[in-house]
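Let me begin by presenting the structure, written as structure tokens, before commenting on it.
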Amino acid sequence: MSSTAVPALDKTFQILDLITDSAQPLTAAHIAKELGLPRSSTHNILQSLLSKHVIYKDADSRFHLGSYLMYWAGKYEQQQGVIQLFKDLIVQYPVLLQHTVTLSKLDLGEVVFLACHEAPAPLGFTFRAGVRVPAVFSATGKAMLSTFSMDNIKSIYATGFPAPITQHGVDNFDDLANELSAIHESRISLDDGQLRDGMYCLGTYIRNASGVAIAGMAVSFLQGEYEIRREEVSAVLIELAEQIEQRLGFIAAH
């Protein structure tokens, strides 16, 4: 493939890789020549990267990696840190190991599953990493949304409330607000068959050192099992969440 046929995003990564690998900062002319790219498109990409602080230009018009990359790196490390803590600490809780326990994050009104401890008995629902579901129907989603204002939540779903997946799904902001209000009292959220008929999930949130809910955890049951185990599991789930929060540097107010 010729260099002129490479999409703009590929050119951007070629430029960033070259700046990263170079022992010395490079000028725009050097970058264009080294990569065989047109000077005009190289200039446009560099200007865009400059405006976002992904790179910066010194007094000699040479380009260096910028501070915005630290933001990306920090977010990546934070996310990976939560996953590792989840895997390391859940083994201390035999009550939870009997069930399917998921870890997820919030992304643009949806929950994205990050990790899962699978129960010995299948639930009939797939919690693979990367699977996305509307946050308003999931226990982890509701838990994380409970830390937001309703105005913020309405702005997330500005194009309209998600269509329910099952007959049990909440379908308006007033009912959602009532659910989130209950979470404020107990720190426990509930998906009562809103993702899948007959499957119940109890959830809670995990906060970072700044007090921001960066992830959620949920325990999944068959409906009959939920009625028997909910109190015990809720207490242990909160205990695990608080332990992860402590490792992340969160200090609870007394």
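Please note that chains go A, B, ... in the order of the structure tokens, that every chain numbers its residues from 1, and that ligands are numbered from 1 in the order shown.
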
Query raised in the report: Residues at most 8 Å from stretch 60-67 of chain A, counting only C-alpha atoms, excluding those fewer than 2 positions away in the same chain, as a VMD selection string?
Result: chain A and resid 16 19 to 20 25 to 28 53 to 58 69 to 71

Dump N, CA, C and O atoms for the selected residues as a PDB file, in the first residue's frame?
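Final output, saved to selection_17.pdb:
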ATOM      1  N   LEU A  16       3.275   9.484  15.532  1.00  0.00           N
ATOM      2  CA  LEU A  16       3.495   9.332  16.977  1.00  0.00           C
ATOM      3  C   LEU A  16       4.547   8.265  17.268  1.00  0.00           C
ATOM      4  O   LEU A  16       5.386   8.431  18.164  1.00  0.00           O
ATOM      5  N   ILE A  19       8.010   9.795  16.507  1.00  0.00           N
ATOM      6  CA  ILE A  19       8.434  10.717  17.563  1.00  0.00           C
ATOM      7  C   ILE A  19       8.840   9.944  18.810  1.00  0.00           C
ATOM      8  O   ILE A  19       9.833  10.260  19.469  1.00  0.00           O
ATOM      9  N   THR A  20       8.083   8.888  19.122  1.00  0.00           N
ATOM     10  CA  THR A  20       8.379   8.074  20.308  1.00  0.00           C
ATOM     11  C   THR A  20       9.716   7.345  20.174  1.00  0.00           C
ATOM     12  O   THR A  20      10.508   7.283  21.123  1.00  0.00           O
ATOM     13  N   PRO A  25      14.216  14.984  19.281  1.00  0.00           N
ATOM     14  CA  PRO A  25      12.973  15.552  18.744  1.00  0.00           C
ATOM     15  C   PRO A  25      13.135  15.884  17.259  1.00  0.00           C
ATOM     16  O   PRO A  25      14.245  16.185  16.798  1.00  0.00           O
ATOM     17  N   LEU A  26      12.049  15.813  16.520  1.00  0.00           N
ATOM     18  CA  LEU A  26      12.089  15.936  15.062  1.00  0.00           C
ATOM     19  C   LEU A  26      11.298  17.141  14.576  1.00  0.00           C
ATOM     20  O   LEU A  26      10.283  17.509  15.164  1.00  0.00           O
ATOM     21  N   THR A  27      11.732  17.724  13.461  1.00  0.00           N
ATOM     22  CA  THR A  27      10.976  18.788  12.818  1.00  0.00           C
ATOM     23  C   THR A  27       9.896  18.179  11.924  1.00  0.00           C
ATOM     24  O   THR A  27       9.939  16.986  11.585  1.00  0.00           O
ATOM     25  N   ALA A  28       8.956  19.010  11.506  1.00  0.00           N
ATOM     26  CA  ALA A  28       7.891  18.544  10.623  1.00  0.00           C
ATOM     27  C   ALA A  28       8.467  18.038   9.301  1.00  0.00           C
ATOM     28  O   ALA A  28       8.024  17.016   8.769  1.00  0.00           O
ATOM     29  N   HIS A  53      -2.668  18.652  22.844  1.00  0.00           N
ATOM     30  CA  HIS A  53      -1.537  18.435  23.763  1.00  0.00           C
ATOM     31  C   HIS A  53      -1.012  17.002  23.753  1.00  0.00           C
ATOM     32  O   HIS A  53      -0.422  16.536  24.721  1.00  0.00           O
ATOM     33  N   VAL A  54      -1.268  16.297  22.644  1.00  0.00           N
ATOM     34  CA  VAL A  54      -0.692  14.960  22.491  1.00  0.00           C
ATOM     35  C   VAL A  54       0.803  15.083  22.198  1.00  0.00           C
ATOM     36  O   VAL A  54       1.587  14.211  22.574  1.00  0.00           O
ATOM     37  N   ILE A  55       1.188  16.157  21.541  1.00  0.00           N
ATOM     38  CA  ILE A  55       2.595  16.490  21.330  1.00  0.00           C
ATOM     39  C   ILE A  55       2.788  17.973  21.663  1.00  0.00           C
ATOM     40  O   ILE A  55       1.807  18.705  21.837  1.00  0.00           O
ATOM     41  N   TYR A  56       4.050  18.397  21.783  1.00  0.00           N
ATOM     42  CA  TYR A  56       4.314  19.831  21.903  1.00  0.00           C
ATOM     43  C   TYR A  56       5.533  20.185  21.069  1.00  0.00           C
ATOM     44  O   TYR A  56       6.346  19.327  20.717  1.00  0.00           O
ATOM     45  N   LYS A  57       5.649  21.457  20.746  1.00  0.00           N
ATOM     46  CA  LYS A  57       6.714  21.946  19.868  1.00  0.00           C
ATOM     47  C   LYS A  57       7.637  22.859  20.658  1.00  0.00           C
ATOM     48  O   LYS A  57       7.171  23.769  21.357  1.00  0.00           O
ATOM     49  N   ASP A  58       8.948  22.619  20.567  1.00  0.00           N
ATOM     50  CA  ASP A  58       9.892  23.453  21.310  1.00  0.00           C
ATOM     51  C   ASP A  58      10.264  24.711  20.508  1.00  0.00           C
ATOM     52  O   ASP A  58       9.723  24.951  19.415  1.00  0.00           O
ATOM     53  N   LEU A  69      -0.716  12.331  26.821  1.00  0.00           N
ATOM     54  CA  LEU A  69      -0.461  10.890  26.841  1.00  0.00           C
ATOM     55  C   LEU A  69      -0.456  10.359  28.268  1.00  0.00           C
ATOM     56  O   LEU A  69      -0.790   9.194  28.517  1.00  0.00           O
ATOM     57  N   MET A  70      -0.092  11.212  29.240  1.00  0.00           N
ATOM     58  CA  MET A  70      -0.111  10.799  30.644  1.00  0.00           C
ATOM     59  C   MET A  70      -1.545  10.559  31.114  1.00  0.00           C
ATOM     60  O   MET A  70      -1.805   9.692  31.941  1.00  0.00           O
ATOM     61  N   TYR A  71      -2.477  11.342  30.568  1.00  0.00           N
ATOM     62  CA  TYR A  71      -3.888  11.148  30.902  1.00  0.00           C
ATOM     63  C   TYR A  71      -4.356   9.777  30.418  1.00  0.00           C
ATOM     64  O   TYR A  71      -4.995   9.025  31.159  1.00  0.00           O
TER      65      TYR A  71
END

Query raised in the report: Mind checking DSSP for stretch 7-240 of chain A and telling me the helix (DSSP H, G or I) residues as a ChimeraX atom specification?
Result: /A:8-21,28-35,39-51,68-92,94-97,135-137,139-145,150-156,173-186,223-240

With C-alpha atoms retained, write the just-selected residues as a short mmCIF file (atom, residue, chain, number, x, y, z; two decimals), in the first residue's frame.
data_model
loop_
_atom_site.label_atom_id
_atom_site.label_comp_id
_atom_site.auth_asym_id
_atom_site.auth_seq_id
_atom_site.Cartn_x
_atom_site.Cartn_y
_atom_site.Cartn_z
CA ALA A 8 -5.39 9.69 8.33
CA LEU A 9 -5.53 7.74 11.58
CA ASP A 10 -2.78 5.39 10.39
CA LYS A 11 -0.65 8.41 9.44
CA THR A 12 -1.23 9.86 12.90
CA PHE A 13 0.03 6.69 14.57
CA GLN A 14 3.01 6.53 12.21
CA ILE A 15 3.95 10.05 13.27
CA LEU A 16 3.49 9.33 16.98
CA ASP A 17 5.51 6.12 16.72
CA LEU A 18 8.33 7.96 14.93
CA ILE A 19 8.43 10.72 17.56
CA THR A 20 8.38 8.07 20.31
CA ASP A 21 11.16 5.97 18.79
CA ALA A 28 7.89 18.54 10.62
CA ALA A 29 10.08 18.35 7.50
CA HIS A 30 12.09 15.48 8.97
CA ILE A 31 8.93 13.60 9.95
CA ALA A 32 7.40 13.99 6.48
CA LYS A 33 10.63 12.88 4.77
CA GLU A 34 11.22 9.91 7.09
CA LEU A 35 7.68 8.58 6.62
CA ARG A 39 4.23 17.88 3.97
CA SER A 40 0.73 19.38 3.91
CA SER A 41 -0.98 16.38 5.53
CA THR A 42 1.92 15.98 8.00
CA HIS A 43 1.53 19.62 8.99
CA ASN A 44 -2.25 19.23 9.45
CA ILE A 45 -1.88 16.14 11.63
CA LEU A 46 0.84 17.77 13.75
CA GLN A 47 -1.35 20.85 14.28
CA SER A 48 -4.25 18.67 15.39
CA LEU A 49 -2.02 16.74 17.81
CA LEU A 50 -0.63 20.02 19.15
CA SER A 51 -4.11 21.40 19.81
CA TYR A 68 -2.05 14.32 27.23
CA LEU A 69 -0.46 10.89 26.84
CA MET A 70 -0.11 10.80 30.64
CA TYR A 71 -3.89 11.15 30.90
CA TRP A 72 -4.38 8.13 28.63
CA ALA A 73 -1.73 6.15 30.48
CA GLY A 74 -3.26 7.00 33.83
CA LYS A 75 -6.73 5.92 32.75
CA TYR A 76 -5.36 2.66 31.33
CA GLU A 77 -3.37 1.93 34.48
CA GLN A 78 -6.39 2.74 36.64
CA GLN A 79 -8.66 0.40 34.69
CA GLN A 80 -6.11 -2.41 34.64
CA GLY A 81 -5.46 -1.87 38.35
CA VAL A 82 -9.13 -2.40 39.18
CA ILE A 83 -9.25 -5.61 37.14
CA GLN A 84 -6.19 -7.02 38.89
CA LEU A 85 -7.49 -6.07 42.33
CA PHE A 86 -10.82 -7.71 41.53
CA LYS A 87 -9.08 -10.94 40.54
CA ASP A 88 -6.67 -10.88 43.48
CA LEU A 89 -9.18 -10.07 46.22
CA ILE A 90 -12.32 -11.99 45.26
CA VAL A 91 -10.61 -15.26 46.19
CA GLN A 92 -10.80 -14.13 49.84
CA PRO A 94 -15.88 -17.93 49.46
CA VAL A 95 -19.49 -16.70 49.57
CA LEU A 96 -18.94 -14.79 46.31
CA LEU A 97 -16.99 -17.58 44.61
CA ALA A 135 -26.54 0.79 32.09
CA VAL A 136 -30.10 1.53 33.21
CA PHE A 137 -30.99 -2.19 33.16
CA ALA A 139 -26.99 -3.80 38.46
CA THR A 140 -23.49 -2.41 37.96
CA GLY A 141 -24.83 0.33 35.70
CA LYS A 142 -27.47 1.42 38.20
CA ALA A 143 -24.88 1.39 40.99
CA MET A 144 -22.53 3.70 39.10
CA LEU A 145 -25.37 5.93 37.86
CA MET A 150 -30.40 13.09 37.48
CA ASP A 151 -29.59 16.06 35.24
CA ASN A 152 -26.31 14.39 34.32
CA ILE A 153 -28.08 11.08 33.67
CA LYS A 154 -30.67 12.75 31.44
CA SER A 155 -27.88 14.38 29.44
CA ILE A 156 -26.27 10.95 28.93
CA PHE A 173 -36.47 8.61 34.27
CA ASP A 174 -38.90 8.89 37.22
CA ASP A 175 -38.84 5.14 37.93
CA LEU A 176 -35.08 5.09 37.43
CA ALA A 177 -34.72 7.95 39.92
CA ASN A 178 -36.67 5.90 42.49
CA GLU A 179 -34.34 2.94 41.97
CA LEU A 180 -31.25 5.13 42.29
CA SER A 181 -32.61 6.75 45.46
CA ALA A 182 -32.85 3.31 47.08
CA ILE A 183 -29.21 2.64 46.16
CA HIS A 184 -28.16 5.77 48.06
CA GLU A 185 -29.55 4.19 51.23
CA SER A 186 -28.06 0.71 50.90
CA GLN A 223 -34.49 -15.82 41.00
CA GLY A 224 -35.11 -18.42 43.71
CA GLU A 225 -31.49 -18.34 44.82
CA TYR A 226 -31.59 -14.55 45.06
CA GLU A 227 -34.36 -14.58 47.67
CA ILE A 228 -32.30 -16.87 49.93
CA ARG A 229 -28.84 -15.33 49.53
CA ARG A 230 -29.38 -11.60 48.93
CA GLU A 231 -28.66 -10.30 52.46
CA GLU A 232 -25.49 -12.32 52.97
CA VAL A 233 -24.17 -11.65 49.48
CA SER A 234 -24.95 -7.91 49.64
CA ALA A 235 -22.88 -7.49 52.81
CA VAL A 236 -19.92 -9.42 51.40
CA LEU A 237 -20.07 -7.60 48.05
CA ILE A 238 -19.87 -4.22 49.81
CA GLU A 239 -16.97 -5.52 51.90
CA LEU A 240 -15.06 -6.52 48.75
#

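Going from atom CA of A:Arg128 to atom CA of A:Phe113 covers 6.6 Å.
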
Skipping near chain neighbours, those fewer than 5 positions away, what residues fall within 6 Å of A:Ala215 using only C-alpha atoms, listed as a tab-separated table (two decimals) with N, CA, C and O atoms, in the first residue's frame?
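Output below, filename result29.tsv:
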chain	number	residue	atom	x	y	z
A	104	SER	N	-17.41	-4.25	35.83
A	104	SER	CA	-17.65	-3.49	34.62
A	104	SER	C	-17.42	-2.01	34.84
A	104	SER	O	-17.27	-1.54	35.96
A	105	LYS	N	-17.37	-1.27	33.73
A	105	LYS	CA	-17.23	0.18	33.78
A	105	LYS	C	-18.37	0.81	32.99
A	105	LYS	O	-19.04	0.14	32.20
A	205	TYR	N	-20.89	-0.08	43.58
A	205	TYR	CA	-19.88	0.68	42.85
A	205	TYR	C	-18.53	0.62	43.55
A	205	TYR	O	-18.43	0.25	44.74
A	206	ILE	N	-17.49	0.98	42.82
A	206	ILE	CA	-16.11	1.06	43.35
A	206	ILE	C	-15.59	2.45	43.05
A	206	ILE	O	-15.60	2.89	41.89

Requested in this report: Name the residues of stretch 17-241 of chain A that come out as strand (DSSP E) in a backbone DSSP run; write them as a PyMOL selection string.
Outcome: chain A and resi 26-27+55-57+62-65+100-107+110-117+132-134+189-192+199-207+213-222

Kindly export the residues of the current selection with N, CA and C atoms, as a compact mmCIF listing (two decimals), in the first residue's frame.
# COMPACT_ATOMS: atom_id res chain seq x y z
N LEU A 26 12.05 15.81 16.52
CA LEU A 26 12.09 15.94 15.06
C LEU A 26 11.30 17.14 14.58
N THR A 27 11.73 17.72 13.46
CA THR A 27 10.98 18.79 12.82
C THR A 27 9.90 18.18 11.92
N ILE A 55 1.19 16.16 21.54
CA ILE A 55 2.60 16.49 21.33
C ILE A 55 2.79 17.97 21.66
N TYR A 56 4.05 18.40 21.78
CA TYR A 56 4.31 19.83 21.90
C TYR A 56 5.53 20.18 21.07
N LYS A 57 5.65 21.46 20.75
CA LYS A 57 6.71 21.95 19.87
C LYS A 57 7.64 22.86 20.66
N ARG A 62 10.75 21.69 16.92
CA ARG A 62 10.89 20.23 16.94
C ARG A 62 9.81 19.66 17.86
N PHE A 63 9.35 18.47 17.53
CA PHE A 63 8.19 17.91 18.21
C PHE A 63 8.57 16.83 19.24
N HIS A 64 7.88 16.90 20.40
CA HIS A 64 8.06 15.96 21.51
C HIS A 64 6.70 15.39 21.88
N LEU A 65 6.69 14.25 22.57
CA LEU A 65 5.45 13.71 23.12
C LEU A 65 4.91 14.67 24.18
N THR A 100 -21.66 -16.18 39.96
CA THR A 100 -21.05 -15.40 38.89
C THR A 100 -20.94 -13.96 39.36
N VAL A 101 -19.72 -13.43 39.34
CA VAL A 101 -19.46 -12.05 39.80
C VAL A 101 -18.80 -11.30 38.65
N THR A 102 -19.36 -10.15 38.29
CA THR A 102 -18.83 -9.38 37.17
C THR A 102 -18.27 -8.04 37.63
N LEU A 103 -17.29 -7.57 36.86
CA LEU A 103 -16.72 -6.24 37.05
C LEU A 103 -16.93 -5.48 35.75
N SER A 104 -17.41 -4.25 35.83
CA SER A 104 -17.65 -3.49 34.62
C SER A 104 -17.42 -2.01 34.84
N LYS A 105 -17.37 -1.27 33.73
CA LYS A 105 -17.23 0.18 33.78
C LYS A 105 -18.37 0.81 32.99
N LEU A 106 -18.57 2.10 33.22
CA LEU A 106 -19.60 2.85 32.53
C LEU A 106 -18.98 3.55 31.33
N ASP A 107 -19.66 3.48 30.18
CA ASP A 107 -19.15 4.12 28.98
C ASP A 107 -20.31 4.62 28.14
N GLU A 110 -23.68 3.05 28.64
CA GLU A 110 -23.67 1.58 28.61
C GLU A 110 -22.68 1.05 29.63
N VAL A 111 -22.90 -0.19 30.02
CA VAL A 111 -21.95 -0.91 30.85
C VAL A 111 -21.10 -1.79 29.94
N VAL A 112 -19.78 -1.77 30.17
CA VAL A 112 -18.86 -2.63 29.43
C VAL A 112 -18.24 -3.59 30.44
N PHE A 113 -18.41 -4.89 30.22
CA PHE A 113 -17.86 -5.88 31.15
C PHE A 113 -16.34 -5.95 30.99
N LEU A 114 -15.64 -5.90 32.12
CA LEU A 114 -14.18 -5.94 32.14
C LEU A 114 -13.64 -7.31 32.54
N ALA A 115 -14.30 -7.95 33.49
CA ALA A 115 -13.82 -9.24 33.99
C ALA A 115 -14.99 -9.98 34.64
N CYS A 116 -14.83 -11.29 34.77
CA CYS A 116 -15.92 -12.09 35.33
C CYS A 116 -15.36 -13.31 36.04
N HIS A 117 -15.90 -13.57 37.24
CA HIS A 117 -15.68 -14.87 37.90
C HIS A 117 -16.92 -15.70 37.62
N ARG A 132 -21.37 -5.18 25.93
CA ARG A 132 -21.99 -3.94 26.37
C ARG A 132 -23.49 -4.12 26.53
N VAL A 133 -24.05 -3.52 27.58
CA VAL A 133 -25.51 -3.51 27.78
C VAL A 133 -25.89 -2.14 28.31
N PRO A 134 -27.15 -1.71 28.10
CA PRO A 134 -27.57 -0.41 28.63
C PRO A 134 -27.42 -0.36 30.15
N SER A 189 -27.53 -2.12 44.40
CA SER A 189 -28.47 -1.97 43.29
C SER A 189 -29.05 -3.33 42.93
N LEU A 190 -30.14 -3.30 42.16
CA LEU A 190 -30.81 -4.55 41.79
C LEU A 190 -31.23 -4.53 40.32
N ASP A 191 -30.86 -5.60 39.64
CA ASP A 191 -31.41 -5.91 38.32
C ASP A 191 -32.34 -7.10 38.55
N ASP A 192 -33.64 -6.83 38.57
CA ASP A 192 -34.63 -7.89 38.87
C ASP A 192 -35.22 -8.43 37.59
N MET A 199 -33.14 -13.97 35.83
CA MET A 199 -31.81 -13.71 36.39
C MET A 199 -31.84 -12.42 37.20
N TYR A 200 -31.41 -12.52 38.46
CA TYR A 200 -31.35 -11.37 39.34
C TYR A 200 -29.89 -11.04 39.63
N CYS A 201 -29.57 -9.75 39.70
CA CYS A 201 -28.19 -9.33 39.98
C CYS A 201 -28.19 -8.25 41.06
N LEU A 202 -27.31 -8.40 42.02
CA LEU A 202 -27.06 -7.38 43.04
C LEU A 202 -25.75 -6.68 42.71
N GLY A 203 -25.73 -5.35 42.75
CA GLY A 203 -24.53 -4.63 42.36
C GLY A 203 -24.12 -3.55 43.36
N THR A 204 -22.90 -3.09 43.21
CA THR A 204 -22.43 -1.93 43.96
C THR A 204 -21.34 -1.25 43.13
N TYR A 205 -20.89 -0.08 43.58
CA TYR A 205 -19.88 0.68 42.85
C TYR A 205 -18.53 0.62 43.55
N ILE A 206 -17.49 0.98 42.82
CA ILE A 206 -16.11 1.06 43.35
C ILE A 206 -15.59 2.45 43.05
N ARG A 207 -15.12 3.16 44.08
CA ARG A 207 -14.62 4.52 43.91
C ARG A 207 -13.10 4.57 43.95
N ALA A 213 -16.84 7.04 41.09
CA ALA A 213 -17.17 5.64 40.82
C ALA A 213 -16.62 5.25 39.45
N ILE A 214 -15.56 4.45 39.45
CA ILE A 214 -14.88 4.09 38.20
C ILE A 214 -15.24 2.69 37.72
N ALA A 215 -15.94 1.93 38.56
CA ALA A 215 -16.30 0.56 38.18
C ALA A 215 -17.47 0.11 39.04
N GLY A 216 -18.08 -1.00 38.63
CA GLY A 216 -19.14 -1.61 39.40
C GLY A 216 -18.94 -3.11 39.44
N MET A 217 -19.45 -3.73 40.49
CA MET A 217 -19.42 -5.20 40.61
C MET A 217 -20.85 -5.68 40.81
N ALA A 218 -21.14 -6.87 40.31
CA ALA A 218 -22.47 -7.46 40.51
C ALA A 218 -22.37 -8.96 40.68
N VAL A 219 -23.26 -9.49 41.50
CA VAL A 219 -23.40 -10.93 41.71
C VAL A 219 -24.71 -11.36 41.06
N SER A 220 -24.67 -12.41 40.27
CA SER A 220 -25.85 -12.86 39.53
C SER A 220 -26.40 -14.17 40.09
N PHE A 221 -27.73 -14.27 40.12
CA PHE A 221 -28.42 -15.44 40.68
C PHE A 221 -29.58 -15.84 39.78
N LEU A 222 -30.04 -17.07 39.94
CA LEU A 222 -31.38 -17.43 39.50
C LEU A 222 -32.35 -16.87 40.54

Query raised in the report: In Å, how far is it from atom CA of A:Gly211 to atom CA of A:Ser149?
Result: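 Here the two named atoms are 14.8 Å from each other.
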
Which residues are close to A:Gly249, i.e. within 10 Å by only C-alpha atoms, leaving aside same-chain residues fewer than 4 positions away? Reply as a PDB file with all heavy atoms, in the first residue's frame.
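The resulting selection-v6.pdb:
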ATOM      1  N   ARG A 207     -15.116   3.162  44.082  1.00  0.00           N
ATOM      2  CA  ARG A 207     -14.616   4.524  43.914  1.00  0.00           C
ATOM      3  C   ARG A 207     -13.097   4.567  43.953  1.00  0.00           C
ATOM      4  O   ARG A 207     -12.458   3.769  44.648  1.00  0.00           O
ATOM      5  CB  ARG A 207     -15.179   5.428  45.020  1.00  0.00           C
ATOM      6  CG  ARG A 207     -16.674   5.614  44.955  1.00  0.00           C
ATOM      7  CD  ARG A 207     -17.242   6.169  46.241  1.00  0.00           C
ATOM      8  NE  ARG A 207     -17.147   5.199  47.321  1.00  0.00           N
ATOM      9  CZ  ARG A 207     -17.710   5.357  48.522  1.00  0.00           C
ATOM     10  NH1 ARG A 207     -18.416   6.444  48.794  1.00  0.00           N
ATOM     11  NH2 ARG A 207     -17.575   4.420  49.445  1.00  0.00           N
ATOM     12  N   ASN A 208     -12.535   5.528  43.219  1.00  0.00           N
ATOM     13  CA  ASN A 208     -11.083   5.717  43.238  1.00  0.00           C
ATOM     14  C   ASN A 208     -10.697   6.701  44.337  1.00  0.00           C
ATOM     15  O   ASN A 208     -11.545   7.116  45.146  1.00  0.00           O
ATOM     16  CB  ASN A 208     -10.576   6.175  41.865  1.00  0.00           C
ATOM     17  CG  ASN A 208     -11.111   7.544  41.456  1.00  0.00           C
ATOM     18  OD1 ASN A 208     -11.753   8.249  42.246  1.00  0.00           O
ATOM     19  ND2 ASN A 208     -10.861   7.930  40.226  1.00  0.00           N
ATOM     20  N   ALA A 209      -9.428   7.090  44.375  1.00  0.00           N
ATOM     21  CA  ALA A 209      -8.934   7.970  45.431  1.00  0.00           C
ATOM     22  C   ALA A 209      -9.654   9.316  45.449  1.00  0.00           C
ATOM     23  O   ALA A 209      -9.748   9.973  46.491  1.00  0.00           O
ATOM     24  CB  ALA A 209      -7.432   8.182  45.265  1.00  0.00           C
ATOM     25  N   SER A 210     -10.179   9.726  44.289  1.00  0.00           N
ATOM     26  CA  SER A 210     -10.895  11.010  44.193  1.00  0.00           C
ATOM     27  C   SER A 210     -12.376  10.888  44.548  1.00  0.00           C
ATOM     28  O   SER A 210     -13.102  11.876  44.515  1.00  0.00           O
ATOM     29  CB  SER A 210     -10.765  11.570  42.775  1.00  0.00           C
ATOM     30  OG  SER A 210      -9.406  11.748  42.428  1.00  0.00           O
ATOM     31  N   GLY A 211     -12.821   9.672  44.851  1.00  0.00           N
ATOM     32  CA  GLY A 211     -14.217   9.463  45.196  1.00  0.00           C
ATOM     33  C   GLY A 211     -15.127   9.275  44.008  1.00  0.00           C
ATOM     34  O   GLY A 211     -16.353   9.285  44.141  1.00  0.00           O
ATOM     35  N   ILE A 244     -11.296  -3.040  47.758  1.00  0.00           N
ATOM     36  CA  ILE A 244     -10.704  -2.574  46.504  1.00  0.00           C
ATOM     37  C   ILE A 244     -10.505  -1.056  46.557  1.00  0.00           C
ATOM     38  O   ILE A 244      -9.464  -0.538  46.142  1.00  0.00           O
ATOM     39  CB  ILE A 244     -11.588  -2.967  45.298  1.00  0.00           C
ATOM     40  CG1 ILE A 244     -11.585  -4.494  45.127  1.00  0.00           C
ATOM     41  CG2 ILE A 244     -11.079  -2.295  44.020  1.00  0.00           C
ATOM     42  CD1 ILE A 244     -12.543  -4.996  44.062  1.00  0.00           C
ATOM     43  N   GLU A 245     -11.515  -0.338  47.079  1.00  0.00           N
ATOM     44  CA  GLU A 245     -11.418   1.123  47.187  1.00  0.00           C
ATOM     45  C   GLU A 245     -10.229   1.547  48.046  1.00  0.00           C
ATOM     46  O   GLU A 245      -9.513   2.495  47.700  1.00  0.00           O
ATOM     47  CB  GLU A 245     -12.708   1.689  47.778  1.00  0.00           C
ATOM     48  CG  GLU A 245     -13.884   1.637  46.824  1.00  0.00           C
ATOM     49  CD  GLU A 245     -15.161   2.180  47.435  1.00  0.00           C
ATOM     50  OE1 GLU A 245     -15.251   2.265  48.691  1.00  0.00           O
ATOM     51  OE2 GLU A 245     -16.081   2.525  46.674  1.00  0.00           O
TER      52      GLU A 245
END

Query raised in the report: To one decimal place, how far is atom CA of A:Ile165 from atom CA of A:Ile188 in Å?
Result: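 Separating atom CA of A:Ile165 from atom CA of A:Ile188 is a distance of 21.6 Å.
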
**Report entry** Which residue of A:Gly109, A:Gly169, A:Gly193, A:Pro120 approaches A:Phe148 most closely, using only C-alpha atoms
**Finding:**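 Ranking A:Gly109, A:Gly169, A:Gly193, A:Pro120 by distance to A:Phe148, first place goes to A:Gly109.
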